[in-house]
Each structure stands twice: as C-alpha cells, then as structure tokens.
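Colleague: If you scroll down you'll find the structure; I have some questions about it.
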Amino acid sequence: MFDKKVIFDNLLNSNDSVKCKYFILHIFNYDEHLNEKYLHYKLENWTEIKNVLKSLINEIPEDYDSLVYLIYNSIDSNIVNDKNFLWVKKDKAACSFLWCYLICNQVNILRNELPVTQHDKEISKIDSYINGLNYNDWIDILKINENGSNHEERFLSIKLYLNIAFLSIDKQQLISDAKRYWKMSCDEVKNLKWLSSDNNTLEWAWDYLNKYGREQRNLHQSPPNFDSLSINIFNPTNEEEYSLAIYAALRVWQPRFRGEKRLLLQDMSKACRQRKFRAERENKKSLNCYLDISVKNHLDELAKAYDKTIVDMVTYLIESEYRNSK
C-alpha cells in the first residue's frame with residue numbers, strides 16, 4: 001500500500017511548479033467541491049502552489065487514494081521538457097501557429113487515456129472519471145482559446161495545455177508533427193507582398209478572411225478544425241496581432257479542395273490591388289492633353305532631375321506657379 005503523505009512530500013520537495021500544478025489541477029478537475037473552494041487560487045507562483053498542496057493533503061478523502069496514485073504516477077509521462085518550447089518562445093509567428101494548430105487539431109488529439117495501474121482496486125466513481133477522460137475537451141477545460149490575445153498569453157496557454165492535458169498520443173510526436181507542418185506551411189504561405197503592415201490593409205484582410213471563414217462554418221457547422229479557416233479564434237487588437245492572426249490561420253488551414261487556399265489568396269491579392277487603386281484615385285480627376293514632343297521631353301528631364309514621377313512633377317509645377325501667382 002502506498003502512502004499518500006509520501007506522494008505529497010515528494011511533490012513539495014521537488015520544487016517543481018509544473019509537476020505540482022499538474023497534480024493539483026487534475027485533483028480539482030475530479031472534485032468539483034475542491035475546485036470551487038480553491039477557485040480564487042491562480043497557481044501562478046511556487047508559494048501559492050505549495051500552500052495549496054499543504055492544504056489538500058488534509059482535505060482529500062481517503063477513498064481518493066487510487067486517484068492520487070494514478071495522477072502522481074502519470075506526471076513524468078505527461079510533462080513536456082522546456083527545450084521543446086524554445087522554437088515558439090521567441091518566435092511570435094510560430095507561437096501563434098502552434099496555438100491555432102492545437103485548437104484546430106483537438107478532434108484528433110483529445111482521445112485521452114490515463115495509465116492503467118493494478119495498484120489498488122478502483123472505486124467506481126474514480127473508474128468512471130478515468131474512462132471519461134477519453135472524451136474530455138482539454139482545450140475547453142483549460143480555456144486555451146480564451147487566452148490568446150498576445151504572444152505571452154498564447155505561449156503560456158501552449159505550455160499549460162501540453163503539460164496538463166492527458167493525450168492518447170505521444171506529446172513529443174505531437175510537437176514534432178506541428179514543427180514539421182509549420183515549416184511546410186511557411187513554404188506554402190510566404191510573406192504576402194500585397195499585405196502591407198498598415199492598419200487599414202490588415203483590418204481589411206482580417207474582415208475578408210473572417211467573412212470567408214464564417215461562410216465555411218455556416219456551411220459545415222463544425223468546431224475549429226483544419227478543414228475550415230478558423231481565424232475567428234483570434235481577437236487581434238493592434239497591427240502586429242492582426243498580422244500574426246492572418247498568417248497563422250492561413251498556414252494552419254487545410255482546405256478540403258486542393259487549390260482552394262491558392263485561389264483565395266489570388267482573389268485577395270486582386271481585391272487588394274483594386275482597393276488600393278480606388279483609394280489612390282479618390283478626390284482626383286484624370287487630365288488628358290497633348291504636348292509637343294520637345295515639351296514632353298523637357299517634362300521627362302525635369303521629373304528625372306527632381307526624382308519625381310510625371311504626375312508628381314506636373315502637380316509640383318502647377319502648385320508652384322499657382323503659389324507664385326498669388
């Protein structure tokens with residue numbers, strides 16, 4: 001028979017906040033009463049985590065022994081080494097991609113299963129809970145899609161998800177698959193020349209993709225997944241966030257029909273050029289006239305000397321003469 005106190009002592013002496021948070025959150029996930037009682041604890045620092053552990057050891061019922069053992073015994077196989085997060089820690093684009101990737105991939109990876117143990121006879125409620133983990137939506141439980149307003153939030157959400165969720169697939173393999181897909185998607189969706197960094201263009205592109213994605217979701221009635229353009233999971237508030245969201249959503253998206261993404265980007269590029277063309281000609285009128293060849297040559301020479309376009313040169317000459325005539 002294992003000693004529950006030994007498990008708690010091992011956790012407290014480990015000084016490992018990630019492992020201890022893992023243990024605590026899964027105890028809370030099982031027991032609604034404890035979850036509600038400790039709801040105000042954010043578990044954001046070691047002191048708070050340690051205090052919660054010290055309290056829990058006296059509050060966990062005796063019939064939870066099997067659960068305590070199961071959760072504790074699964075820690076090492078579920079915690080992800082920090083070195084696996086280095087590729088997204090300082091790369092905001094990669095981090096946005098992985099955050100979106102995990103949310104869209106939830107249908108495939110949320111077939112969760114706790115390690116089976118013969119240590120003690122399972123109590124029916126615990127057994128039911130363990131079996132229920134196979135159908136838990138950890139993206140929803142951990143509120144991953146509610147914490148993506150900036151790079152720091154997305155990075156912490158990714159770490160929380162990969163360190164806490166029970167996944168039926170190997171987490172190292174999941175990260176490797178995501179990294180491989182990230183590299184492939186960057187080759188497919190390179191930096192878009194027509195997508196300038198000004199806020200108006202980025203907001204226009206965001207609205208364009210949002211409308212497209214909304215039409216897809218209305219057609220298929222499905223949660224975020226690779227088939228649909230899930231740009232709506234982002235909530236950008238500035239130019240950088242708009243750009244990160246647009247590229248991440250486009251790179252994660254795997255349309256059902258080959259060529260759909262390419263055609264969409266072609267349509268957007270054309271629409272963006274037309275939009276820019278209309279904006280450049282707002283409050284302007286065309287001027288059609290004939291000039292002697294020598295006069296036209298003089299105009300070309302002036303434009304070259306002043307490093308201006310023909311239109312800008314004509315505008316400059318007219319405005320200068322107009323000011324001098326006053």
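Chain lettering (A, B, ...) mirrors the order of the structure tokens, residue numbering begins at 1 for each chain separately, and ligand numbering begins at 1 in order of display.
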Give one line per residue of range 58-105 of chain A that approaches range 233-244 of chain A to at most 8 Å, naming the two atoms of the closest pair and their distance in Å to one decimal, counting only C-alpha atoms; sort by chain then ascending residue number and deliver it as a Markdown table.

Modeller:
```
| residue | atom | partner | partner_atom | distance |
| --- | --- | --- | --- | --- |
| A:Lys92 | CA | A:Leu244 | CA | 7.5 |
| A:Ala93 | CA | A:Leu244 | CA | 5.8 |
| A:Ser96 | CA | A:Leu244 | CA | 6.5 |
| A:Cys100 | CA | A:Ile233 | CA | 7.8 |
```

Colleague: Go ahead and save the picked residues with N, CA, C and O atoms, as a compact mmCIF listing (two decimals), in the first residue's frame.

Modeller:
```txt
# COMPACT_ATOMS: atom_id res chain seq x y z
N LYS A 92 7.17 34.79 -32.47
CA LYS A 92 5.75 35.07 -32.29
C LYS A 92 4.89 34.41 -33.37
O LYS A 92 3.77 33.96 -33.09
N ALA A 93 5.40 34.37 -34.59
CA ALA A 93 4.63 33.75 -35.69
C ALA A 93 4.47 32.26 -35.46
O ALA A 93 3.38 31.70 -35.64
N SER A 96 1.96 31.70 -32.55
CA SER A 96 0.58 31.88 -32.99
C SER A 96 0.11 30.68 -33.79
O SER A 96 -1.03 30.22 -33.66
N CYS A 100 -2.92 28.04 -32.64
CA CYS A 100 -4.04 27.78 -33.55
C CYS A 100 -4.08 26.30 -33.95
O CYS A 100 -5.15 25.70 -34.02
```

Colleague: Please return, as a PyMOL selection string, all residues of range 213-306 of chain A that DSSP assigns to alpha helix (DSSP H) on the basis of the backbone.

Modeller: chain A and resi 213-220+239-252+260-280+293-305

Colleague: Got a sec: who's within 12 Å of Leu102 in chain A, counting only C-alpha atoms, leaving out chain neighbours fewer than 4 positions off, as a PDB file with C-alpha atoms, in the first residue's frame?

Modeller:
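Once written, out-v1.pdb looks like this:
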```pdb
ATOM      1  CA  CYS A  95       3.776  30.547 -31.387  1.00  0.00           C
ATOM      2  CA  SER A  96       0.577  31.880 -32.992  1.00  0.00           C
ATOM      3  CA  PHE A  97       0.684  28.988 -35.444  1.00  0.00           C
ATOM      4  CA  LEU A  98       1.094  26.323 -32.736  1.00  0.00           C
ATOM      5  CA  GLN A 106      -8.346  18.970 -30.916  1.00  0.00           C
ATOM      6  CA  VAL A 107     -10.625  16.488 -32.657  1.00  0.00           C
ATOM      7  CA  ASN A 108      -7.615  14.288 -33.403  1.00  0.00           C
ATOM      8  CA  ILE A 109      -5.678  14.561 -30.162  1.00  0.00           C
ATOM      9  CA  LEU A 110      -8.335  14.596 -27.462  1.00  0.00           C
ATOM     10  CA  ASP A 137     -12.019  18.525 -24.272  1.00  0.00           C
ATOM     11  CA  TRP A 138      -8.878  19.877 -22.628  1.00  0.00           C
ATOM     12  CA  ILE A 139      -8.859  22.900 -24.916  1.00  0.00           C
ATOM     13  CA  ASP A 140     -12.162  23.891 -23.325  1.00  0.00           C
ATOM     14  CA  ILE A 144      -6.882  27.682 -24.149  1.00  0.00           C
ATOM     15  CA  ASN A 145      -8.891  29.555 -26.788  1.00  0.00           C
ATOM     16  CA  ARG A 154      -0.511  32.131 -26.190  1.00  0.00           C
ATOM     17  CA  PHE A 155       2.863  30.789 -25.074  1.00  0.00           C
ATOM     18  CA  SER A 157      -1.516  28.528 -22.853  1.00  0.00           C
ATOM     19  CA  ILE A 158       0.506  26.175 -25.048  1.00  0.00           C
ATOM     20  CA  LYS A 159       2.695  25.125 -22.114  1.00  0.00           C
ATOM     21  CA  LEU A 160      -0.343  24.669 -19.879  1.00  0.00           C
ATOM     22  CA  TYR A 161      -2.137  22.516 -22.424  1.00  0.00           C
ATOM     23  CA  LEU A 162       0.820  20.286 -23.303  1.00  0.00           C
ATOM     24  CA  ALA A 165      -3.831  17.514 -20.781  1.00  0.00           C
ATOM     25  CA  LEU A 167      -3.360  12.822 -24.560  1.00  0.00           C
ATOM     26  CA  LYS A 171       3.323  14.564 -26.877  1.00  0.00           C
ATOM     27  CA  LEU A 174       2.656  15.869 -31.494  1.00  0.00           C
ATOM     28  CA  ILE A 175       5.223  18.666 -31.181  1.00  0.00           C
ATOM     29  CA  ASP A 177       4.401  16.894 -36.252  1.00  0.00           C
ATOM     30  CA  ALA A 178       3.499  20.509 -35.534  1.00  0.00           C
ATOM     31  CA  LYS A 179       7.075  21.706 -36.187  1.00  0.00           C
ATOM     32  CA  PRO A 224     -12.473  24.857 -35.233  1.00  0.00           C
ATOM     33  CA  ASN A 225     -10.596  22.290 -37.304  1.00  0.00           C
ATOM     34  CA  PHE A 226      -8.138  22.036 -40.169  1.00  0.00           C
ATOM     35  CA  SER A 230     -10.575  29.290 -38.137  1.00  0.00           C
ATOM     36  CA  ILE A 233     -10.442  32.134 -32.673  1.00  0.00           C
ATOM     37  CA  ALA A 248      -1.343  31.650 -38.507  1.00  0.00           C
ATOM     38  CA  ALA A 249      -4.908  30.956 -39.660  1.00  0.00           C
ATOM     39  CA  VAL A 252      -2.936  26.039 -40.257  1.00  0.00           C
TER      40      VAL A 252
END
```

Colleague: So how many Å separate CA of Phe23 in chain A and CA of Pro61 in chain A, to one decimal?

Modeller: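 According to the coordinates, CA of Phe23 in chain A and CA of Pro61 in chain A are separated by 15.6 Å.
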
Colleague: Identify which of the residues A:Lys193, A:Lys4, A:His40, A:Lys89 lies closest to Cys272 in chain A, counting only C-alpha atoms when measuring atom-to-atom distances.

Modeller: A:Lys193

Colleague: Let me make sure I understand: among A:Ser149, A:Asn15, A:Ser228, A:Asn163, which one has the smallest atom-to-atom distance to Asn81 in chain A if we use only C-alpha atoms?

Modeller: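 Result for the nearest residue to Asn81 in chain A: A:Asn163.
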
Colleague: Using only C-alpha atoms, determine which residues lie at most 12 Å from Leu265 in chain A, disregarding the query and same-chain residues fewer than 2 positions distant; provide the list as a PyMOL selection string.

Modeller: chain A and resi 188-195+205+208-209+212+246-247+250-251+259-263+267-272

Colleague: Selected residues, N, CA, C and O atoms, written as a compact mmCIF listing (two decimals), in the first residue's frame, please.

Modeller:
```txt
# COMPACT_ATOMS: atom_id res chain seq x y z
N GLU A 188 4.43 27.23 -48.08
CA GLU A 188 3.19 27.36 -48.84
C GLU A 188 2.65 28.78 -48.77
O GLU A 188 2.23 29.35 -49.78
N VAL A 189 2.64 29.36 -47.58
CA VAL A 189 2.15 30.74 -47.40
C VAL A 189 3.32 31.60 -46.95
O VAL A 189 3.61 31.73 -45.77
N LYS A 190 4.03 32.15 -47.93
CA LYS A 190 5.15 33.03 -47.63
C LYS A 190 4.61 34.42 -47.30
O LYS A 190 3.40 34.66 -47.32
N ASN A 191 5.51 35.34 -46.97
CA ASN A 191 5.08 36.71 -46.70
C ASN A 191 4.38 37.28 -47.93
O ASN A 191 4.95 37.27 -49.03
N LEU A 192 3.18 37.76 -47.74
CA LEU A 192 2.36 38.25 -48.85
C LEU A 192 2.75 39.70 -49.17
O LEU A 192 2.61 40.58 -48.33
N LYS A 193 3.24 39.92 -50.39
CA LYS A 193 3.73 41.24 -50.76
C LYS A 193 2.64 42.29 -50.72
O LYS A 193 2.89 43.46 -50.40
N TRP A 194 1.43 41.89 -51.04
CA TRP A 194 0.33 42.86 -51.11
C TRP A 194 -0.23 43.19 -49.72
O TRP A 194 -0.97 44.15 -49.55
N LEU A 195 0.15 42.38 -48.70
CA LEU A 195 -0.37 42.60 -47.35
C LEU A 195 0.58 43.54 -46.60
O LEU A 195 1.49 43.10 -45.90
N ALA A 205 -8.00 42.85 -44.65
CA ALA A 205 -7.69 41.42 -44.87
C ALA A 205 -8.33 40.55 -43.80
O ALA A 205 -8.85 39.46 -44.09
N TYR A 208 -12.01 40.29 -44.55
CA TYR A 208 -12.18 39.46 -45.75
C TYR A 208 -12.11 37.97 -45.36
O TYR A 208 -12.98 37.18 -45.73
N LEU A 209 -11.09 37.60 -44.60
CA LEU A 209 -10.92 36.20 -44.18
C LEU A 209 -11.98 35.77 -43.18
O LEU A 209 -12.43 34.62 -43.20
N TYR A 212 -15.05 34.93 -45.10
CA TYR A 212 -14.85 33.65 -45.79
C TYR A 212 -14.98 32.48 -44.81
O TYR A 212 -15.65 31.49 -45.08
N ILE A 246 -3.60 36.51 -39.12
CA ILE A 246 -3.84 36.23 -40.54
C ILE A 246 -2.93 35.12 -41.04
O ILE A 246 -3.37 34.14 -41.65
N TYR A 247 -1.64 35.24 -40.77
CA TYR A 247 -0.69 34.24 -41.24
C TYR A 247 -0.89 32.89 -40.55
O TYR A 247 -0.81 31.83 -41.19
N LEU A 250 -4.08 31.14 -41.94
CA LEU A 250 -3.86 30.68 -43.31
C LEU A 250 -2.94 29.47 -43.35
O LEU A 250 -3.14 28.54 -44.13
N ARG A 251 -1.92 29.46 -42.50
CA ARG A 251 -0.94 28.37 -42.51
C ARG A 251 -1.48 27.09 -41.88
O ARG A 251 -1.13 25.99 -42.30
N GLY A 259 -6.07 23.50 -53.93
CA GLY A 259 -6.04 24.75 -54.69
C GLY A 259 -6.93 25.83 -54.13
O GLY A 259 -6.87 26.98 -54.58
N GLU A 260 -7.79 25.49 -53.13
CA GLU A 260 -8.72 26.49 -52.59
C GLU A 260 -7.97 27.63 -51.91
O GLU A 260 -8.33 28.81 -52.07
N LYS A 261 -6.94 27.30 -51.16
CA LYS A 261 -6.17 28.34 -50.47
C LYS A 261 -5.46 29.24 -51.48
O LYS A 261 -5.45 30.46 -51.33
N ARG A 262 -4.87 28.64 -52.50
CA ARG A 262 -4.18 29.42 -53.54
C ARG A 262 -5.13 30.35 -54.26
O ARG A 262 -4.82 31.53 -54.49
N LEU A 263 -6.33 29.86 -54.58
CA LEU A 263 -7.32 30.69 -55.26
C LEU A 263 -7.81 31.83 -54.36
O LEU A 263 -8.01 32.96 -54.82
N ASP A 267 -7.48 35.80 -55.17
CA ASP A 267 -8.63 36.71 -55.13
C ASP A 267 -8.38 37.87 -54.19
O ASP A 267 -8.74 39.03 -54.49
N MET A 268 -7.75 37.59 -53.05
CA MET A 268 -7.46 38.65 -52.09
C MET A 268 -6.44 39.64 -52.65
O MET A 268 -6.56 40.85 -52.46
N SER A 269 -5.43 39.11 -53.33
CA SER A 269 -4.41 39.98 -53.93
C SER A 269 -5.03 40.91 -54.97
O SER A 269 -4.75 42.11 -54.99
N LYS A 270 -5.91 40.36 -55.80
CA LYS A 270 -6.59 41.16 -56.81
C LYS A 270 -7.49 42.20 -56.17
O LYS A 270 -7.50 43.38 -56.57
N ALA A 271 -8.25 41.79 -55.16
CA ALA A 271 -9.16 42.72 -54.47
C ALA A 271 -8.38 43.82 -53.76
O ALA A 271 -8.81 44.98 -53.71
N CYS A 272 -7.22 43.47 -53.22
CA CYS A 272 -6.40 44.46 -52.52
C CYS A 272 -5.84 45.49 -53.50
O CYS A 272 -5.81 46.69 -53.19
```
